[in-house]
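Next comes target_38.pdb, a file with PDB, C-alpha atoms.
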ATOM      1  CA  MET A  99     189.135 155.951 -56.629
ATOM      2  CA  THR A 100     192.461 154.126 -57.089
ATOM      3  CA  GLU A 101     194.574 155.590 -59.881
ATOM      4  CA  THR A 102     195.826 153.314 -62.644
ATOM      5  CA  ALA A 103     197.811 153.846 -65.846
ATOM      6  CA  THR A 104     194.525 154.705 -67.567
ATOM      7  CA  SER A 105     193.253 157.126 -64.908
ATOM      8  CA  VAL A 106     192.253 160.508 -66.310
ATOM      9  CA  CYS A 107     192.439 164.004 -64.876
ATOM     10  CA  VAL A 108     189.883 166.318 -66.491
ATOM     11  CA  ILE A 109     190.940 169.970 -66.440
ATOM     12  CA  ILE A 110     188.356 172.741 -66.776
ATOM     13  CA  ALA A 111     189.540 176.358 -66.992
ATOM     14  CA  ALA A 112     186.528 178.575 -66.355
ATOM     15  CA  LYS A 113     185.754 182.269 -66.402
ATOM     16  CA  ASN A 114     182.194 183.471 -65.747
ATOM     17  CA  ALA A 115     180.796 180.054 -66.651
ATOM     18  CA  ALA A 116     178.222 179.657 -63.867
ATOM     19  CA  ALA A 117     175.460 178.892 -66.376
ATOM     20  CA  THR A 118     177.278 175.976 -68.023
ATOM     21  CA  ILE A 119     180.004 174.551 -65.825
ATOM     22  CA  GLY A 120     177.676 172.256 -63.882
ATOM     23  CA  MET A 121     176.927 170.328 -67.062
ATOM     24  CA  ALA A 122     180.638 170.080 -67.883
ATOM     25  CA  VAL A 123     181.600 168.841 -64.412
ATOM     26  CA  ALA A 124     178.753 166.317 -64.258
ATOM     27  CA  SER A 125     179.681 164.861 -67.668
ATOM     28  CA  ALA A 126     183.283 164.376 -66.532
ATOM     29  CA  LEU A 127     182.405 162.816 -63.168
ATOM     30  CA  ARG A 128     180.093 160.388 -64.959
ATOM     31  CA  GLU A 129     183.065 158.663 -66.622
ATOM     32  CA  SER A 130     184.506 155.730 -64.664
ATOM     33  CA  GLN A 131     188.076 156.363 -65.895
ATOM     34  CA  VAL A 132     188.116 159.879 -64.417
ATOM     35  CA  ALA A 133     190.133 160.000 -61.187
ATOM     36  CA  GLU A 134     190.205 163.793 -60.874
ATOM     37  CA  VAL A 135     188.230 166.770 -62.127
ATOM     38  CA  VAL A 136     190.159 169.994 -61.542
ATOM     39  CA  VAL A 137     188.268 173.240 -62.060
ATOM     40  CA  VAL A 138     190.286 176.461 -62.074
ATOM     41  CA  ASP A 139     188.041 179.486 -61.596
ATOM     42  CA  ASP A 140     189.996 182.074 -63.559
ATOM     43  CA  GLY A 141     188.935 185.283 -61.812
ATOM     44  CA  SER A 142     185.184 184.871 -62.322
ATOM     45  CA  SER A 143     182.636 187.359 -60.977
ATOM     46  CA  ASP A 144     179.500 185.235 -61.340
ATOM     47  CA  GLY A 145     179.740 182.330 -58.912
ATOM     48  CA  THR A 146     181.430 179.881 -61.261
ATOM     49  CA  GLY A 147     183.091 178.030 -58.389
ATOM     50  CA  ALA A 148     179.832 177.527 -56.514
ATOM     51  CA  ALA A 149     178.129 176.305 -59.687
ATOM     52  CA  ALA A 150     180.908 173.766 -60.231
ATOM     53  CA  LEU A 151     180.622 172.570 -56.644
ATOM     54  CA  SER A 152     176.870 172.056 -57.047
ATOM     55  CA  ALA A 153     177.639 169.319 -59.616
ATOM     56  CA  ASP A 154     179.871 167.352 -57.218
ATOM     57  CA  ASP A 155     178.853 163.708 -56.912
ATOM     58  CA  GLY A 156     180.402 163.166 -53.489
ATOM     59  CA  SER A 157     183.105 160.829 -54.795
ATOM     60  CA  GLY A 158     185.931 163.099 -53.685
ATOM     61  CA  ARG A 159     187.213 163.504 -57.244
ATOM     62  CA  LEU A 160     186.316 167.189 -57.725
ATOM     63  CA  LYS A 161     188.899 169.832 -56.850
ATOM     64  CA  ILE A 162     188.237 173.554 -57.283
ATOM     65  CA  SER A 163     190.978 176.190 -57.322
ATOM     66  CA  ARG A 164     190.544 179.916 -57.849
ATOM     67  CA  PHE A 165     192.601 182.787 -59.250
ATOM     68  CA  GLU A 166     191.575 186.112 -57.760
ATOM     69  CA  GLN A 167     192.571 187.831 -60.997
ATOM     70  CA  ASN A 168     192.090 186.481 -64.497
ATOM     71  CA  LYS A 169     195.287 184.941 -65.899
ATOM     72  CA  GLY A 170     193.974 183.246 -69.046
ATOM     73  CA  PRO A 171     193.296 179.616 -69.992
ATOM     74  CA  ALA A 172     196.963 178.671 -70.441
ATOM     75  CA  ALA A 173     197.859 179.703 -66.891
ATOM     76  CA  ALA A 174     194.735 178.042 -65.495
ATOM     77  CA  ARG A 175     195.494 174.759 -67.259
ATOM     78  CA  ASN A 176     199.137 174.792 -66.180
ATOM     79  CA  HIS A 177     198.045 175.307 -62.583
ATOM     80  CA  ALA A 178     195.620 172.400 -62.847
ATOM     81  CA  ILE A 179     198.363 170.160 -64.248
ATOM     82  CA  GLU A 180     200.618 171.038 -61.320
ATOM     83  CA  ILE A 181     198.026 170.309 -58.605
ATOM     84  CA  SER A 182     196.840 167.027 -60.137
ATOM     85  CA  GLY A 183     198.481 163.653 -60.523
ATOM     86  CA  ALA A 184     196.558 161.299 -62.825
ATOM     87  CA  PRO A 185     198.748 159.967 -65.669
ATOM     88  CA  LEU A 186     196.366 161.069 -68.435
ATOM     89  CA  ILE A 187     195.147 164.640 -68.921
ATOM     90  CA  SER A 188     191.961 165.687 -70.691
ATOM     91  CA  ILE A 189     190.913 169.275 -71.378
ATOM     92  CA  LEU A 190     187.217 170.156 -71.197
ATOM     93  CA  ASP A 191     185.940 173.653 -71.938
ATOM     94  CA  ALA A 192     183.570 175.041 -69.322
ATOM     95  CA  ASP A 193     180.607 175.216 -71.699
ATOM     96  CA  ASP A 194     181.140 171.798 -73.343
ATOM     97  CA  PHE A 195     180.526 168.200 -72.261
ATOM     98  CA  PHE A 196     181.549 164.572 -72.765
ATOM     99  CA  PHE A 197     179.220 162.029 -74.320
ATOM    100  CA  PRO A 198     178.836 158.944 -72.075
ATOM    101  CA  GLY A 199     181.578 156.363 -72.562
ATOM    102  CA  ARG A 200     183.997 158.775 -74.230
ATOM    103  CA  PHE A 201     187.199 157.339 -72.808
ATOM    104  CA  GLU A 202     186.468 153.690 -73.543
ATOM    105  CA  ALA A 203     187.164 154.174 -77.245
ATOM    106  CA  MET A 204     190.115 156.508 -76.662
ATOM    107  CA  LEU A 205     191.857 154.062 -74.325
ATOM    108  CA  ASP A 206     191.648 151.124 -76.727
ATOM    109  CA  GLY A 207     195.389 150.734 -77.278
ATOM    110  CA  ASP A 208     198.456 152.455 -75.848
ATOM    111  CA  ASP A 209     200.348 153.341 -79.028
ATOM    112  CA  TRP A 210     200.015 157.106 -78.535
ATOM    113  CA  ASP A 211     201.172 160.111 -76.550
ATOM    114  CA  PHE A 212     198.119 162.144 -77.586
ATOM    115  CA  VAL A 213     194.828 160.639 -78.733
ATOM    116  CA  ALA A 214     191.880 162.704 -79.970
ATOM    117  CA  ASP A 215     188.351 161.716 -80.914
ATOM    118  CA  ASN A 216     185.674 163.339 -83.051
ATOM    119  CA  ILE A 217     183.764 166.440 -81.963
ATOM    120  CA  ALA A 218     180.040 167.036 -82.416
ATOM    121  CA  PHE A 219     179.072 170.712 -82.630
ATOM    122  CA  VAL A 220     175.840 171.194 -80.738
ATOM    123  CA  ASP A 221     173.500 174.182 -80.730
ATOM    124  CA  ALA A 222     173.014 175.468 -77.198
ATOM    125  CA  ALA A 223     169.237 175.154 -77.521
ATOM    126  CA  THR A 224     169.320 171.431 -78.359
ATOM    127  CA  ILE A 225     171.765 170.000 -75.793
ATOM    128  CA  SER A 226     169.100 167.900 -74.073
ATOM    129  CA  GLU A 227     168.264 166.122 -77.341
ATOM    130  CA  VAL A 228     171.680 165.191 -78.702
ATOM    131  CA  HIS A 229     172.784 162.172 -76.684
ATOM    132  CA  GLU A 230     170.593 159.742 -78.580
ATOM    133  CA  LYS A 231     171.367 161.404 -81.928
ATOM    134  CA  VAL A 232     175.162 161.304 -81.905
ATOM    135  CA  ALA A 233     176.518 159.235 -84.778
ATOM    136  CA  ARG A 234     178.345 155.953 -84.141
ATOM    137  CA  PHE A 235     181.389 156.282 -86.369
ATOM    138  CA  ALA A 236     183.909 153.461 -86.601
ATOM    139  CA  PRO A 237     187.158 154.438 -84.816
ATOM    140  CA  ALA A 238     189.277 154.143 -88.006
ATOM    141  CA  PRO A 239     192.460 155.229 -86.190
ATOM    142  CA  ARG A 240     195.148 157.193 -87.963
ATOM    143  CA  PHE A 241     198.197 159.179 -86.914
ATOM    144  CA  LEU A 242     198.778 162.877 -87.431
ATOM    145  CA  ASP A 243     202.236 164.308 -88.032
ATOM    146  CA  LEU A 244     203.359 167.905 -87.583
ATOM    147  CA  VAL A 245     202.757 168.781 -91.239
ATOM    148  CA  GLY A 246     199.204 167.444 -91.194
ATOM    149  CA  PHE A 247     198.459 169.155 -87.894
ATOM    150  CA  VAL A 248     199.748 172.574 -88.932
ATOM    151  CA  GLU A 249     198.107 172.451 -92.360
ATOM    152  CA  GLY A 250     194.848 171.506 -90.647
ATOM    153  CA  ASN A 251     195.052 174.721 -88.643
ATOM    154  CA  ILE A 252     195.330 177.083 -91.589
ATOM    155  CA  SER A 253     191.696 178.113 -91.729
ATOM    156  CA  LYS A 254     189.852 178.337 -95.015
ATOM    157  CA  ARG A 255     187.257 180.970 -95.756
ATOM    158  CA  GLY A 256     183.745 179.562 -95.697
ATOM    159  CA  VAL A 257     184.723 176.959 -93.113
ATOM    160  CA  ARG A 258     184.302 177.936 -89.475
ATOM    161  CA  ARG A 259     185.466 175.778 -86.575
ATOM    162  CA  GLY A 260     186.817 173.177 -88.924
ATOM    163  CA  GLU A 261     190.469 173.263 -87.896
ATOM    164  CA  ILE A 262     192.281 170.258 -86.453
ATOM    165  CA  GLY A 263     193.265 172.490 -83.529
ATOM    166  CA  PHE A 264     189.726 172.177 -82.172
ATOM    167  CA  LEU A 265     190.349 168.517 -81.331
ATOM    168  CA  LYS A 266     190.606 167.838 -77.584
ATOM    169  CA  PRO A 267     193.231 165.104 -77.186
ATOM    170  CA  LEU A 268     193.911 162.986 -74.151
ATOM    171  CA  MET A 269     197.564 163.640 -73.220
ATOM    172  CA  ARG A 270     200.113 161.521 -71.389
ATOM    173  CA  ARG A 271     201.522 163.430 -68.435
ATOM    174  CA  SER A 272     204.762 161.461 -68.772
ATOM    175  CA  PHE A 273     205.355 162.846 -72.274
ATOM    176  CA  LEU A 274     204.650 166.429 -71.172
ATOM    177  CA  ASP A 275     206.978 166.063 -68.202
ATOM    178  CA  ALA A 276     209.756 164.325 -70.141
ATOM    179  CA  HIS A 277     209.873 167.184 -72.647
ATOM    180  CA  ARG A 278     209.074 169.966 -70.162
ATOM    181  CA  LEU A 279     205.976 170.929 -72.093
ATOM    182  CA  ARG A 280     203.350 173.222 -70.648
ATOM    183  CA  TYR A 281     200.960 175.790 -72.094
ATOM    184  CA  ASN A 282     202.509 179.092 -73.187
ATOM    185  CA  GLU A 283     201.027 181.572 -70.725
ATOM    186  CA  THR A 284     201.665 184.553 -72.995
ATOM    187  CA  LEU A 285     199.017 183.179 -75.369
ATOM    188  CA  ARG A 286     195.286 183.777 -75.031
ATOM    189  CA  LEU A 287     194.581 182.567 -78.558
ATOM    190  CA  GLY A 288     195.867 179.301 -80.023
ATOM    191  CA  GLU A 289     197.399 178.050 -76.774
ATOM    192  CA  ASP A 290     196.205 174.507 -77.582
ATOM    193  CA  TYR A 291     197.587 174.661 -81.133
ATOM    194  CA  ASP A 292     200.953 175.838 -79.824
ATOM    195  CA  LEU A 293     201.254 173.065 -77.207
ATOM    196  CA  TYR A 294     200.335 170.310 -79.661
ATOM    197  CA  ALA A 295     202.648 171.689 -82.359
ATOM    198  CA  ARG A 296     205.562 171.784 -79.919
ATOM    199  CA  ALA A 297     204.759 168.236 -78.793
ATOM    200  CA  LEU A 298     204.704 166.993 -82.390
ATOM    201  CA  ALA A 299     208.018 168.744 -83.004
ATOM    202  CA  LYS A 300     209.349 166.664 -80.094
ATOM    203  CA  GLY A 301     208.157 163.450 -81.736
ATOM    204  CA  ALA A 302     204.773 162.944 -80.073
ATOM    205  CA  ARG A 303     202.602 160.142 -81.466
ATOM    206  CA  TYR A 304     199.287 161.919 -82.120
ATOM    207  CA  LYS A 305     196.508 159.430 -82.812
ATOM    208  CA  ILE A 306     193.055 160.350 -84.122
ATOM    209  CA  ILE A 307     189.956 158.172 -83.925
ATOM    210  CA  HIS A 308     186.645 159.040 -85.546
ATOM    211  CA  SER A 309     184.439 157.891 -82.675
ATOM    212  CA  CYS A 310     182.628 160.904 -81.254
ATOM    213  CA  GLY A 311     182.904 161.569 -77.530
ATOM    214  CA  TYR A 312     183.128 165.350 -77.176
ATOM    215  CA  GLY A 313     180.239 167.804 -77.451
ATOM    216  CA  ALA A 314     181.241 171.381 -78.305
ATOM    217  CA  VAL A 315     178.400 173.777 -77.606
ATOM    218  CA  VAL A 316     177.979 176.572 -80.150
ATOM    219  CA  ARG A 317     177.020 179.866 -78.504
ATOM    220  CA  SER A 318     176.910 183.322 -80.039
ATOM    221  CA  ASP A 319     178.485 184.832 -76.897
ATOM    222  CA  SER A 320     181.324 182.319 -76.530
ATOM    223  CA  LEU A 321     184.522 183.867 -75.150
ATOM    224  CA  SER A 322     186.592 181.663 -77.463
ATOM    225  CA  GLY A 323     185.327 183.684 -80.426
ATOM    226  CA  LEU A 324     186.788 186.912 -79.046
ATOM    227  CA  HIS A 325     190.408 187.887 -79.238
ATOM    228  CA  ARG A 326     192.574 190.982 -79.332
ATOM    229  CA  THR A 327     194.858 192.073 -82.134
ATOM    230  CA  GLU A 328     197.774 191.523 -79.764
ATOM    231  CA  ASP A 329     196.747 187.879 -79.376
ATOM    232  CA  LEU A 330     197.342 187.318 -83.097
ATOM    233  CA  ARG A 331     200.814 188.829 -82.880
ATOM    234  CA  ARG A 332     201.738 186.538 -80.001
ATOM    235  CA  LEU A 333     200.457 183.521 -81.907
ATOM    236  CA  TYR A 334     202.582 184.095 -85.007
ATOM    237  CA  GLU A 335     205.555 184.795 -82.746
ATOM    238  CA  ALA A 336     204.935 181.373 -81.154
ATOM    239  CA  ASP A 337     205.297 179.810 -84.611
ATOM    240  CA  ARG A 338     208.592 181.641 -85.016
ATOM    241  CA  ALA A 339     209.785 180.282 -81.673
ATOM    242  CA  ILE A 340     209.079 176.699 -82.773
ATOM    243  CA  LEU A 341     210.906 177.307 -86.049
ATOM    244  CA  ALA A 342     213.902 178.742 -84.220
ATOM    245  CA  GLY A 343     214.098 176.119 -81.497
ATOM    246  CA  SER A 344     213.334 172.820 -83.211
ATOM    247  CA  ASN A 345     215.190 170.523 -85.599
ATOM    248  CA  LEU A 346     212.366 170.239 -88.141
ATOM    249  CA  SER A 347     212.074 168.491 -91.468
ATOM    250  CA  PRO A 348     211.897 170.809 -94.495
ATOM    251  CA  ALA A 349     208.202 169.955 -94.935
ATOM    252  CA  ALA A 350     207.370 170.707 -91.298
ATOM    253  CA  ALA A 351     209.290 173.979 -91.379
ATOM    254  CA  ALA A 352     207.492 175.008 -94.575
ATOM    255  CA  SER A 353     204.101 174.274 -93.004
ATOM    256  CA  LEU A 354     204.924 176.310 -89.904
ATOM    257  CA  ARG A 355     206.058 179.207 -92.062
ATOM    258  CA  ARG A 356     202.762 179.063 -93.960
ATOM    259  CA  HIS A 357     200.832 179.131 -90.685
ATOM    260  CA  GLU A 358     202.964 182.015 -89.426
ATOM    261  CA  ARG A 359     202.244 184.015 -92.594
ATOM    262  CA  HIS A 360     198.540 183.184 -92.357
ATOM    263  CA  VAL A 361     198.262 184.437 -88.771
ATOM    264  CA  ARG A 362     200.507 187.432 -89.434
ATOM    265  CA  ALA A 363     198.265 188.474 -92.342
ATOM    266  CA  ARG A 364     195.254 188.438 -90.002
ATOM    267  CA  TYR A 365     197.251 190.489 -87.506
ATOM    268  CA  GLU A 366     198.249 193.100 -90.089
ATOM    269  CA  GLN A 367     194.643 193.557 -91.207
ATOM    270  CA  ARG A 368     193.389 193.890 -87.635
ATOM    271  CA  HIS A 369     196.219 196.267 -86.717
ATOM    272  CA  PHE A 370     195.440 198.448 -89.759
ATOM    273  CA  LEU A 371     191.751 198.609 -88.789
ATOM    274  CA  ASP A 372     192.642 199.376 -85.163
ATOM    275  CA  ILE A 373     194.767 202.343 -86.238
ATOM    276  CA  LYS A 374     191.965 203.529 -88.526
ATOM    277  CA  ALA A 375     189.420 203.348 -85.691
ATOM    278  CA  GLN A 376     191.676 205.086 -83.186
ATOM    279  CA  SER A 377     193.462 207.682 -85.320
ATOM    280  CA  GLY A 378     191.716 207.917 -88.678
ATOM    281  CA  ILE A 379     192.243 206.643 -92.188
ATOM    282  CA  GLY A 380     195.264 208.878 -92.766
ATOM    283  CA  SER A 381     197.205 207.308 -89.915
ATOM    284  CA  ALA A 382     196.201 203.840 -91.095
ATOM    285  CA  PHE A 383     197.526 204.460 -94.594
ATOM    286  CA  GLY A 384     200.637 206.021 -93.063
ATOM    287  CA  TYR A 385     201.237 202.750 -91.238
ATOM    288  CA  ALA A 386     200.739 200.780 -94.455
ATOM    289  CA  LEU A 387     203.185 202.985 -96.397
ATOM    290  CA  ALA A 388     205.772 202.598 -93.658
ATOM    291  CA  ASN A 389     205.291 198.808 -93.654
ATOM    292  CA  LEU A 390     204.997 197.901 -97.318
ATOM    293  CA  THR A 391     205.402 194.179 -96.649
ATOM    294  CA  ALA A 392     202.088 194.309 -94.772
ATOM    295  CA  VAL A 393     200.130 195.853 -97.663
ATOM    296  CA  PRO A 394     199.271 192.582 -99.512
ATOM    297  CA  ALA A 395     197.931 191.048 -96.311
ATOM    298  CA  ILE A 396     195.887 194.136 -95.449
ATOM    299  CA  ALA A 397     194.412 194.469 -98.941
ATOM    300  CA  GLY A 398     193.757 190.755 -99.354
ATOM    301  CA  HIS A 399     191.924 190.320 -96.091
ATOM    302  CA  ILE A 400     189.830 193.468 -96.500
ATOM    303  CA  LEU A 401     188.814 192.395-100.028
ATOM    304  CA  ALA A 402     187.965 188.903 -98.820
ATOM    305  CA  ASP A 403     185.837 190.275 -95.982
ATOM    306  CA  LYS A 404     183.950 192.556 -98.361
ATOM    307  CA  THR A 405     183.112 189.681-100.706
ATOM    308  CA  GLU A 406     182.390 187.043 -98.051
ATOM    309  CA  ARG A 407     178.602 187.240 -98.350
ATOM    310  CA  PHE A 408     178.732 186.574-102.101
ATOM    311  CA  ARG A 409     180.905 183.468-101.699
ATOM    312  CA  ASN A 410     178.944 182.058 -98.797
ATOM    313  CA  ARG A 411     175.259 182.893 -99.291
ATOM    314  CA  GLY A 412     174.141 179.623 -97.756
ATOM    315  CA  GLY A 413     175.615 180.370 -94.337
ATOM    316  CA  THR A 414     178.893 179.347 -92.791
ATOM    317  CA  PRO A 415     179.091 175.617 -92.146
ATOM    318  CA  LEU A 416     180.444 174.471 -88.815
ATOM    319  CA  ALA A 417     181.898 171.201 -90.028
ATOM    320  CA  PHE A 418     180.915 167.943 -91.711
ATOM    321  CA  ALA A 419     177.130 167.482 -91.608
ATOM    322  CA  GLY A 420     176.131 164.101 -90.226
ATOM    323  CA  SER A 421     172.978 162.305 -89.207
ATOM    324  CA  GLY A 422     170.572 163.537 -86.542
ATOM    325  CA  GLY A 423     171.061 167.190 -87.415
ATOM    326  CA  LEU A 424     174.538 167.295 -85.832
ATOM    327  CA  ARG A 425     177.768 168.477 -87.394
ATOM    328  CA  TYR A 426     181.128 166.821 -86.813
ATOM    329  CA  LEU A 427     184.713 167.925 -87.057
ATOM    330  CA  LEU A 428     185.918 164.680 -88.655
ATOM    331  CA  ARG A 429     184.155 163.151 -91.613
ATOM    332  CA  ASP A 430     182.797 159.599 -91.330
ATOM    333  CA  PRO A 431     185.679 157.442 -92.674
ATOM    334  CA  GLY A 432     183.076 155.248 -94.380
ATOM    335  CA  ASP A 433     182.246 158.129 -96.725
ATOM    336  CA  GLY A 434     185.656 157.889 -98.357
TER     337      GLY A 434
END
Just give me the structure of the file as structure tokens.
Amino acid sequence: MTETATSVCVIIAAKNAAATIGMAVASALRESQVAEVVVVDDGSSDGTGAAALSADDGSGRLKISRFEQNKGPAAARNHAIEISGAPLISILDADDFFFPGRFEAMLDGDDWDFVADNIAFVDAATISEVHEKVARFAPAPRFLDLVGFVEGNISKRGVRRGEIGFLKPLMRRSFLDAHRLRYNETLRLGEDYDLYARALAKGARYKIIHSCGYGAVVRSDSLSGLHRTEDLRRLYEADRAILAGSNLSPAAAASLRRHERHVRARYEQRHFLDIKAQSGIGSAFGYALANLTAVPAIAGHILADKTERFRNRGGTPLAFAGSGGLRYLLRDPGDG
């Protein structure tokens, strides 16, 4: 198809996603604004590339690249950006999908560098039933600044998958190129958060609409729910890099420091438990005594984990509960 200023490249980084990637690819190719779908098989061992190819519609828009060894989603996405050319970039996870007509609402206006729509969280067992149930929210556009974005990524106990960082914005390639922005390949956790935070620090116009066009499939075995202790350390160090390298307002700097402390507290707890598992409780307490500034974080997180079931007997909500049995990241603006 002929590329225009509103042509979209959909990027799918995939590892061992043979069971789901066909659905993701097909949902992207279905959209008339999509000029390219670039799948990067990130060192899979299960035939992910062949499964992606089986969803090709013959239009010539699907491109599949493969890493022989796993490099992580940031590296896979950067590679896809480099081998593609459409002016707008959309990220799609390999086990998720687009609702039909997603980009029509997102492309209504050009007053943005990033534009994100609502997300419906869908149980894996009910995917075939959701298309007719998705709510029709009014767009109700608003803009997100760096403070609002960072604060929306400081997770609250009792709320899972409710952070603003889960939004999947459409990005202007021209903005990324002008500011030399790419994913941080040292990160395997929070790589999206880090890219969007750095873009906002550079003055990106980040628009949010409440129309729902993205389906995030909830699976108990999702790779996104797994991360190493080291990943948390790299994430709070990424916050420190933004603080050190950007001319931020006092409010934005304060928000980033809060996020850094939040992630660092999670790291300290995990690191303490790792030492306990590997070397025993004595070594773990030895670490705590040698790093007294980490003690409040360790104690606070362990206490919170122990009492979680009492504060959340009804189960952990995914997000705002809407009609049709679906849950949404963004609340219906009509609810006030």
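Selection by the PyMOL selection byres ((chain A and resi 347) around 12) on the present file picks out Asp243, Leu244, Val245, Leu298, Ala299, Lys300, Gly301, Leu341, Ser344, Asn345, Leu346, Pro348, Ala349, Ala350, Ala351, Ala352, Ser353 and Leu354 of chain A.
Minimum atom-to-atom distances from A:Pro239, A:Ala339, A:Pro171, A:Ile187 to Ser272 in chain A were compared using all atoms listed in the file, and the lowest value belongs to A:Ile187.
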Excluding same-chain residues fewer than 4 positions from Asn251 in chain A, what lies within 8 Å of it counting only C-alpha atoms, as an MDAnalysis selection string? chainID A and resid 247 261:263 291 357
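Atom to atom, CA of Asp144 in chain A and CA of Asp191 in chain A stand 17.0 Å apart.
Closest approach to Ala192 in chain A from the set A:Val135, A:Ala238, A:Ile110, A:Val393 is made by A:Ile110, with distances taken over all atoms listed in the file.
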Would you pick out the contacts of Asn216 in chain A at 12 Å or less, using only C-alpha atoms, so that residues sharing its chain but fewer than 3 positions from it are not included, and give the list as a PyMOL selection string? chain A and resi 196-197+200-201+203-204+213+219+232-239+260+262-267+305-314+417-418+420+425-431
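By all atoms listed in the file, and with residues fewer than 4 positions from Gly147 in chain A along its chain excluded, the set lying at most 8 Å from it is Ala116, Val137, Asp139, Leu151, Ile162 and Arg164 of chain A.
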note - CA of Cys107 in chain A and CA of Gly199 in chain A are separated by 15.3 Å
Residue with smallest distance to Lys113 in chain A - pool A:Gly170, A:Gly384, A:Gly156, A:Pro198, counting all atoms listed in the file: A:Gly170
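Taking CA of Ser226 in chain A as the reference point, CA of Asp155 in chain A is found at 20.2 Å.
With only C-alpha atoms as the atoms that count, the minimum distance from Arg317 in chain A to the choices A:Ala222, A:Leu333, A:Ala172, A:Ala124 is reached by A:Ala222.
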Just give me the residues with any atom within 9 Å of (185.3, 182.8, -60.5), file coordinates, counting only C-alpha atoms, written as a ChimeraX atom specification. /A:112-116,138-148,164-168
Next, the residues of the selection above should be written as a CSV table (one decimal), keeping the file's coordinate frame with C-alpha atoms.
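Heads up, here's the output in selection_6.csv:
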chain,number,residue,atom,x,y,z
A,112,ALA,CA,186.5,178.6,-66.4
A,113,LYS,CA,185.8,182.3,-66.4
A,114,ASN,CA,182.2,183.5,-65.7
A,115,ALA,CA,180.8,180.1,-66.7
A,116,ALA,CA,178.2,179.7,-63.9
A,138,VAL,CA,190.3,176.5,-62.1
A,139,ASP,CA,188.0,179.5,-61.6
A,140,ASP,CA,190.0,182.1,-63.6
A,141,GLY,CA,188.9,185.3,-61.8
A,142,SER,CA,185.2,184.9,-62.3
A,143,SER,CA,182.6,187.4,-61.0
A,144,ASP,CA,179.5,185.2,-61.3
A,145,GLY,CA,179.7,182.3,-58.9
A,146,THR,CA,181.4,179.9,-61.3
A,147,GLY,CA,183.1,178.0,-58.4
A,148,ALA,CA,179.8,177.5,-56.5
A,164,ARG,CA,190.5,179.9,-57.8
A,165,PHE,CA,192.6,182.8,-59.2
A,166,GLU,CA,191.6,186.1,-57.8
A,167,GLN,CA,192.6,187.8,-61.0
A,168,ASN,CA,192.1,186.5,-64.5
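Using the PyMOL selection byres ((chain A and resi 106) around 10) on the file at hand returns these residues: A:Glu101, A:Thr102, A:Ala103, A:Thr104, A:Ser105, A:Cys107, A:Val108, A:Ile109, A:Ala126, A:Glu129, A:Ser130, A:Gln131, A:Val132, A:Ala133, A:Glu134, A:Val135, A:Gly183, A:Ala184, A:Pro185, A:Leu186, A:Ile187, A:Ser188, A:Phe201, A:Leu268, A:Met269, A:Arg270, A:Arg271.
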When the PyMOL selection byres ((chain A and resi 364) around 8) is applied to the file above, which residues end up in the set, as number ranges by chain? A: 330, 360-363, 365-368, 395-396, 399
Per-axis box centre and lengths in Å around range 198-213 of chain A, 3 Å margin per side, axis-aligned, as JSON:
{"center_x": 190.0, "center_y": 156.4, "center_z": -75.6, "size_x": 28.3, "size_y": 17.4, "size_z": 13.0}
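The closest residue to Arg355 in chain A, picked from A:Leu424, A:Ala336, A:Val316, A:Leu371 and counting all atoms listed in the file, is A:Ala336.
Ranking A:Asp329, A:Glu358, A:Ala111, A:Ser152 by their shortest atom-to-atom distance to Ile252 in chain A, with all atoms listed in the file included, puts A:Glu358 first.
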Where atoms are lacking, range 333-341 of chain A completed to N, CA and C atoms, as a PDB file, in the coordinates of the input:
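Listing of part-v5.pdb after writing:
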ATOM      1  N   LEU A 333     200.589 184.847 -81.312  1.00  0.00           N
ATOM      2  CA  LEU A 333     200.457 183.521 -81.907  1.00  0.00           C
ATOM      3  C   LEU A 333     201.453 183.325 -83.048  1.00  0.00           C
ATOM      4  N   TYR A 334     201.612 184.315 -83.930  1.00  0.00           N
ATOM      5  CA  TYR A 334     202.582 184.095 -85.007  1.00  0.00           C
ATOM      6  C   TYR A 334     204.008 184.123 -84.465  1.00  0.00           C
ATOM      7  N   GLU A 335     204.233 184.842 -83.370  1.00  0.00           N
ATOM      8  CA  GLU A 335     205.555 184.795 -82.746  1.00  0.00           C
ATOM      9  C   GLU A 335     205.827 183.415 -82.134  1.00  0.00           C
ATOM     10  N   ALA A 336     204.769 182.735 -81.671  1.00  0.00           N
ATOM     11  CA  ALA A 336     204.935 181.373 -81.154  1.00  0.00           C
ATOM     12  C   ALA A 336     205.375 180.424 -82.266  1.00  0.00           C
ATOM     13  N   ASP A 337     204.825 180.597 -83.465  1.00  0.00           N
ATOM     14  CA  ASP A 337     205.297 179.810 -84.611  1.00  0.00           C
ATOM     15  C   ASP A 337     206.780 180.050 -84.855  1.00  0.00           C
ATOM     16  N   ARG A 338     207.183 181.313 -84.786  1.00  0.00           N
ATOM     17  CA  ARG A 338     208.592 181.641 -85.016  1.00  0.00           C
ATOM     18  C   ARG A 338     209.492 180.992 -83.972  1.00  0.00           C
ATOM     19  N   ALA A 339     208.997 180.908 -82.732  1.00  0.00           N
ATOM     20  CA  ALA A 339     209.785 180.282 -81.673  1.00  0.00           C
ATOM     21  C   ALA A 339     209.982 178.795 -81.938  1.00  0.00           C
ATOM     22  N   ILE A 340     208.941 178.119 -82.438  1.00  0.00           N
ATOM     23  CA  ILE A 340     209.079 176.699 -82.773  1.00  0.00           C
ATOM     24  C   ILE A 340     210.082 176.527 -83.910  1.00  0.00           C
ATOM     25  N   LEU A 341     209.987 177.386 -84.916  1.00  0.00           N
ATOM     26  CA  LEU A 341     210.906 177.307 -86.049  1.00  0.00           C
ATOM     27  C   LEU A 341     212.351 177.523 -85.606  1.00  0.00           C
TER      28      LEU A 341
END
